[in-house]
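Coordinates as given in upload-v5.txt (compact mmCIF, C-alpha atoms):
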# COMPACT_ATOMS: atom_id res chain seq x y z
CA MET A 1 -16.06 -155.03 132.06
CA THR A 2 -13.98 -157.25 134.25
CA PHE A 3 -10.36 -157.28 135.29
CA GLU A 4 -8.31 -160.35 134.43
CA ILE A 5 -5.43 -161.04 136.81
CA GLU A 6 -3.43 -163.88 135.33
CA ARG A 7 -0.17 -165.67 136.05
CA LYS A 8 1.50 -167.88 133.40
CA PHE A 9 3.85 -170.82 133.93
CA LEU A 10 5.62 -173.36 131.79
CA VAL A 11 4.56 -176.95 132.44
CA LYS A 12 7.50 -179.20 133.35
CA ASN A 13 5.98 -182.69 133.15
CA ASP A 14 2.85 -184.64 132.14
CA GLY A 15 1.39 -184.94 135.66
CA TRP A 16 -1.55 -182.73 134.62
CA LYS A 17 -2.73 -184.80 131.64
CA SER A 18 -5.22 -187.05 133.41
CA LEU A 19 -6.63 -184.33 135.69
CA GLY A 20 -9.02 -182.35 133.49
CA ARG A 21 -11.06 -182.52 130.33
CA GLY A 22 -9.82 -180.83 127.18
CA VAL A 23 -11.58 -178.26 125.02
CA VAL A 24 -10.39 -177.65 121.46
CA CYS A 25 -9.70 -173.95 120.95
CA ARG A 26 -8.86 -171.96 117.83
CA GLN A 27 -8.20 -168.30 118.18
CA GLY A 28 -7.08 -165.38 116.10
CA TYR A 29 -6.47 -161.70 116.43
CA LEU A 30 -8.34 -158.95 114.61
CA SER A 31 -6.06 -156.33 116.15
CA ARG A 32 -2.85 -156.53 118.19
CA THR A 33 -1.19 -153.47 119.63
CA ARG A 34 0.93 -152.95 122.72
CA ASP A 35 -2.07 -151.57 124.61
CA CYS A 36 -5.01 -153.57 123.25
CA VAL A 37 -5.86 -156.85 121.53
CA VAL A 38 -9.11 -157.93 119.90
CA ARG A 39 -9.43 -161.71 119.81
CA VAL A 40 -11.88 -164.24 118.35
CA ARG A 41 -11.97 -167.73 119.88
CA THR A 42 -13.91 -170.91 119.28
CA ALA A 43 -13.98 -173.41 122.14
CA ASP A 44 -15.67 -176.65 121.08
CA ASP A 45 -19.22 -175.54 120.15
CA ARG A 46 -19.06 -171.97 121.53
CA ALA A 47 -17.41 -168.77 120.31
CA TYR A 48 -16.28 -165.49 121.87
CA LEU A 49 -15.08 -162.03 120.95
CA ALA A 50 -12.75 -160.41 123.49
CA VAL A 51 -11.11 -157.02 123.86
CA LYS A 52 -8.24 -156.83 126.34
CA GLY A 53 -6.15 -153.90 127.49
CA ALA A 54 -3.06 -154.19 129.70
CA LEU A 55 -2.81 -152.36 133.01
CA THR A 56 0.19 -154.24 134.50
CA GLU A 57 2.11 -157.42 133.60
CA MET A 58 -0.59 -159.46 135.36
CA THR A 59 -3.76 -157.35 135.14
CA ARG A 60 -5.83 -156.45 132.10
CA LYS A 61 -9.22 -154.90 131.46
CA GLU A 62 -11.27 -157.52 129.66
CA PHE A 63 -14.50 -157.37 127.70
CA GLU A 64 -15.67 -160.78 126.46
CA TYR A 65 -18.89 -161.62 124.64
CA GLU A 66 -20.31 -164.84 123.28
CA ILE A 67 -20.93 -164.67 119.52
CA PRO A 68 -22.41 -167.10 117.00
CA VAL A 69 -19.98 -169.88 116.06
CA ALA A 70 -20.65 -169.32 112.35
CA ASP A 71 -19.58 -165.67 112.71
CA ALA A 72 -16.44 -166.67 114.59
CA LYS A 73 -15.46 -169.16 111.88
CA VAL A 74 -15.73 -166.44 109.20
CA LEU A 75 -13.73 -163.98 111.33
CA LEU A 76 -11.03 -166.60 111.95
CA ALA A 77 -10.83 -167.60 108.28
CA ASP A 78 -11.10 -164.20 106.62
CA PHE A 79 -10.06 -161.46 109.04
CA CYS A 80 -7.59 -162.80 111.61
CA GLU A 81 -3.82 -162.76 111.25
CA LYS A 82 -2.31 -166.18 110.49
CA PRO A 83 -1.27 -168.61 111.77
CA LEU A 84 -4.18 -169.08 114.11
CA ILE A 85 -3.52 -170.21 117.66
CA GLU A 86 -4.58 -173.85 118.02
CA LYS A 87 -4.63 -175.56 121.40
CA ILE A 88 -6.44 -177.92 123.70
CA ARG A 89 -7.31 -176.21 126.97
CA HIS A 90 -7.59 -178.41 130.06
CA LEU A 91 -9.33 -177.03 133.16
CA ILE A 92 -7.76 -178.49 136.29
CA ARG A 93 -8.92 -177.79 139.85
CA TYR A 94 -6.13 -177.68 142.42
CA LYS A 95 -6.35 -176.40 146.01
CA GLY A 96 -9.54 -174.44 145.30
CA LEU A 97 -8.32 -172.73 142.12
CA THR A 98 -8.71 -173.58 138.44
CA TRP A 99 -5.57 -173.93 136.33
CA GLU A 100 -5.97 -173.62 132.56
CA VAL A 101 -3.38 -175.81 130.86
CA ASP A 102 -2.97 -175.06 127.17
CA ALA A 103 -1.30 -177.74 125.04
CA PHE A 104 -0.60 -176.00 121.75
CA SER A 105 -0.64 -177.57 118.30
CA GLY A 106 -0.05 -176.31 114.78
CA GLU A 107 2.74 -173.72 114.58
CA ASN A 108 3.08 -173.74 118.37
CA GLU A 109 3.31 -177.54 118.76
CA GLY A 110 5.32 -178.57 121.81
CA LEU A 111 4.47 -175.56 123.94
CA VAL A 112 2.47 -176.22 127.13
CA ILE A 113 1.54 -173.29 129.36
CA ALA A 114 -0.53 -173.20 132.56
CA GLU A 115 -2.45 -170.06 133.44
CA LEU A 116 -4.02 -169.17 136.76
CA GLU A 117 -6.56 -166.38 137.18
CA LEU A 118 -6.53 -164.71 140.58
CA GLU A 119 -8.69 -162.24 142.50
CA ARG A 120 -5.72 -159.94 143.20
CA GLU A 121 -2.09 -159.73 142.09
CA ASP A 122 -0.67 -160.65 145.52
CA GLU A 123 -3.07 -163.56 146.15
CA PRO A 124 -1.18 -166.56 147.57
CA PHE A 125 -1.53 -169.94 145.87
CA GLU A 126 0.12 -173.33 145.89
CA LYS A 127 1.62 -174.68 142.69
CA PRO A 128 1.05 -178.28 141.60
CA ASP A 129 4.22 -180.33 141.11
CA TRP A 130 3.86 -180.16 137.32
CA ILE A 131 4.22 -176.35 137.26
CA GLY A 132 7.60 -175.00 136.18
CA GLU A 133 9.11 -171.59 135.55
CA GLU A 134 6.87 -168.52 135.73
CA VAL A 135 6.66 -166.61 132.42
CA THR A 136 3.99 -164.04 133.34
CA GLY A 137 6.05 -161.04 132.23
CA ASP A 138 7.68 -162.67 129.19
CA PRO A 139 5.92 -161.38 126.03
CA ARG A 140 7.13 -164.36 123.95
CA TYR A 141 4.48 -166.48 125.71
CA TYR A 142 1.51 -164.15 125.10
CA ASN A 143 -0.91 -165.84 122.74
CA ALA A 144 -1.11 -162.67 120.63
CA ASN A 145 2.68 -162.78 120.13
CA LEU A 146 2.72 -166.50 119.30
CA VAL A 147 0.94 -165.56 116.06
CA LYS A 148 3.87 -163.45 114.86
CA ASN A 149 6.62 -165.58 116.42
CA PRO A 150 5.33 -169.18 116.74
CA TYR A 151 7.05 -171.54 119.16
CA ARG A 152 8.19 -173.91 116.38
CA ARG A 153 10.42 -171.14 114.99
CA TRP A 154 12.18 -170.69 118.36
CA ALA A 155 13.88 -174.10 118.13
CA LYS A 156 15.03 -173.39 114.56
CA LYS A 157 16.62 -170.12 115.68
CA LEU A 158 18.36 -171.81 118.62
CA GLY A 159 19.65 -174.75 116.61
CA PRO A 160 19.77 -178.50 117.29
CA ALA A 161 21.07 -178.20 120.87
CA ALA A 162 17.87 -176.45 122.01

Could you render the structure from this file as C-alpha cells?
Amino acid sequence: MTFEIERKFLVKNDGWKSLGRGVVCRQGYLSRTRDCVVRVRTADDRAYLAVKGALTEMTRKEFEYEIPVADAKVLLADFCEKPLIEKIRHLIRYKGLTWEVDAFSGENEGLVIAELELEREDEPFEKPDWIGEEVTGDPRYYNANLVKNPYRRWAKKLGPAA
C-alpha cells in the first residue's frame, strides 16, 4: 500500500502542450462510494486495477496493480459505470516534479486538469505559468464524479453565457 498525496489545478492556457508526451487513458469505476473507489484503467498498452480510500482532501490510501489489458477491456466494457473517463495524460517535468496534465475527451471534452503528487501535504512547489485555480477539494473534478456528472453537462446547466 502507498499513500497518494495529490493536488489538482485547472489549466489556464496551452503552454503545457509541447512539454510532454501523451498517453491515451480510458478508465471506469467498478465501485464508487464516499470512502472508497475501485478503478480500472488502460494507459496505451498497459492496464491497472486500483483501490483508493480517502484520508484527507489531498491524501488517500492507494493499492494499484497491473492487470492484463484484455481483462481491463472486459471490465471497462461490461462492469464499469458509463460513461467511461477518456483522456490523454501528459507527463511534464517542472522544477524537479512531474505534473500530470489530463486533457479529457468524450463526455468530459474541454476539461483540462493538472495533478501533482507530493511527498507530504505541506511540501512547497512552484507552479508553471499555465497552472490556474486549485480545485483539490472540489469533488466536481474527481474523476470518479465526472462519470456521474460529466463536464459537458455543466455548460448546459449554466447556459450560453458560461

- Item | Among listed residues A:Ile113, A:Ala144, A:Ile92, A:Met1, nearest Ile131 of chain A (using all atoms listed in the file) |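 Counting all atoms listed in the file, the residue closest to Ile131 of chain A is A:Ile113.
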
- Task: Show which residues sit within 8 Å of Leu116 of chain A, as a ChimeraX atom specification. Count all atoms listed in the file, and ignore same-chain residues fewer than 2 positions away.
- Result: /A:6-8,97-100,114,118

Quick one: residues within 8 Å of Glu133 of chain A, all atoms listed in the file counted, chain neighbours fewer than 6 positions away excluded, as a PDB file with C-alpha atoms, in the frame of the given file?
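Final output, saved to result-v9.pdb:
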ATOM      1  CA  PHE A   9       3.850-170.820 133.930  1.00  0.00           C
ATOM      2  CA  LEU A  10       5.620-173.360 131.790  1.00  0.00           C
ATOM      3  CA  VAL A  11       4.560-176.950 132.440  1.00  0.00           C
TER       4      VAL A  11
END

Give me the residues near Leu91 of chain A as a PDB file with C-alpha atoms, keeping the file's coordinate frame, where near means some atom within 12 Å (using only C-alpha atoms) and where sequence neighbours in that chain fewer than 4 positions away do not count.
ATOM      1  CA  TRP A  16      -1.550-182.730 134.620  1.00  0.00           C
ATOM      2  CA  LYS A  17      -2.730-184.800 131.640  1.00  0.00           C
ATOM      3  CA  SER A  18      -5.220-187.050 133.410  1.00  0.00           C
ATOM      4  CA  LEU A  19      -6.630-184.330 135.690  1.00  0.00           C
ATOM      5  CA  GLY A  20      -9.020-182.350 133.490  1.00  0.00           C
ATOM      6  CA  ARG A  21     -11.060-182.520 130.330  1.00  0.00           C
ATOM      7  CA  GLY A  22      -9.820-180.830 127.180  1.00  0.00           C
ATOM      8  CA  VAL A  23     -11.580-178.260 125.020  1.00  0.00           C
ATOM      9  CA  VAL A  24     -10.390-177.650 121.460  1.00  0.00           C
ATOM     10  CA  LEU A  97      -8.320-172.730 142.120  1.00  0.00           C
ATOM     11  CA  THR A  98      -8.710-173.580 138.440  1.00  0.00           C
ATOM     12  CA  TRP A  99      -5.570-173.930 136.330  1.00  0.00           C
ATOM     13  CA  GLU A 100      -5.970-173.620 132.560  1.00  0.00           C
ATOM     14  CA  VAL A 101      -3.380-175.810 130.860  1.00  0.00           C
ATOM     15  CA  ASP A 102      -2.970-175.060 127.170  1.00  0.00           C
ATOM     16  CA  ALA A 103      -1.300-177.740 125.040  1.00  0.00           C
ATOM     17  CA  ALA A 114      -0.530-173.200 132.560  1.00  0.00           C
ATOM     18  CA  GLU A 115      -2.450-170.060 133.440  1.00  0.00           C
ATOM     19  CA  LEU A 116      -4.020-169.170 136.760  1.00  0.00           C
ATOM     20  CA  GLU A 117      -6.560-166.380 137.180  1.00  0.00           C
TER      21      GLU A 117
END

Within 9 Å of Ala72 of chain A, counting all atoms listed in the file, which residues qualify if same-chain residues fewer than 5 places away don't, as an mmCIF file with C-alpha atoms, in the frame of the given file?
data_model
loop_
_atom_site.group_PDB
_atom_site.id
_atom_site.type_symbol
_atom_site.label_atom_id
_atom_site.label_comp_id
_atom_site.auth_asym_id
_atom_site.auth_seq_id
_atom_site.Cartn_x
_atom_site.Cartn_y
_atom_site.Cartn_z
ATOM 1 C CA VAL A 40 -11.880 -164.240 118.350
ATOM 2 C CA ARG A 41 -11.970 -167.730 119.880
ATOM 3 C CA THR A 42 -13.910 -170.910 119.280
ATOM 4 C CA ALA A 47 -17.410 -168.770 120.310
ATOM 5 C CA TYR A 48 -16.280 -165.490 121.870
ATOM 6 C CA LEU A 49 -15.080 -162.030 120.950
ATOM 7 C CA ILE A 67 -20.930 -164.670 119.520
ATOM 8 C CA ALA A 77 -10.830 -167.600 108.280
#

- Task: Excluding Asn149 of chain A and any residue of its chain fewer than 6 positions from it, enumerate the residues within 10 Å of it, using all atoms listed in the file, and give them as a list in words.
- Result: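 Counting all atoms listed in the file, the residues come to Pro83, Glu107, Asn108, Arg140, Tyr141 and Asn143 of chain A.
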
- Of A:Arg120, A:Arg39, A:Arg153, A:Arg34, the one sitting nearest Phe79 of chain A when using all atoms listed in the file is A:Arg39

- Message: Using all atoms listed in the file, can you tell me which of A:Tyr142, A:Tyr151, A:Phe63, A:Tyr29 comes closest to Leu111 of chain A?
- Response: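 Using all atoms listed in the file, the shortest distance to Leu111 of chain A belongs to A:Tyr151.
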
- What is the distance between atom CA of Glu119 of chain A and atom CA of Ala50 of chain A, in Å to one decimal?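 Atom CA of Ala50 of chain A lies at a distance of 19.5 Å from atom CA of Glu119 of chain A.
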
- Item | Pick from A:Cys36, A:Lys127, A:Val69, A:Ser31 nearest to Tyr94 of chain A, counting all atoms listed in the file |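 Among A:Cys36, A:Lys127, A:Val69, A:Ser31, it is A:Lys127 that comes nearest to Tyr94 of chain A.
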
- Between A:Asp44, A:Glu64, A:Glu134, A:Glu86, which one has atoms that come closest to Gly106 of chain A, using all atoms listed in the file? A:Glu86

- Message: Which residue is closest to Lys61 of chain A? Choose from A:Asn145, A:Thr2, A:Thr136, A:Ser105 and count only C-alpha atoms.
- Response: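 The answer is A:Thr2, which sits nearest to Lys61 of chain A.
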
- Message: Can you measure atom CA of Leu75 of chain A to atom CA of Gly28 of chain A for me? One decimal in Å is fine.
- Response: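 Interatomic distance here is 8.3 Å.
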
- Query: When you draw a straight line from atom CA of Leu146 of chain A to atom CA of Leu84 of chain A, how long is it in Å?
  - Reply: 9.0 Å

Per-axis box centre and lengths in Å around segment 100-119 of chain A, 8 Å margin per side, axis-aligned, as lines of an AutoDock Vina configuration file:
center_x = -1.7
center_y = -170.4
center_z = 128.5
size_x = 30.0
size_y = 32.3
size_z = 43.9
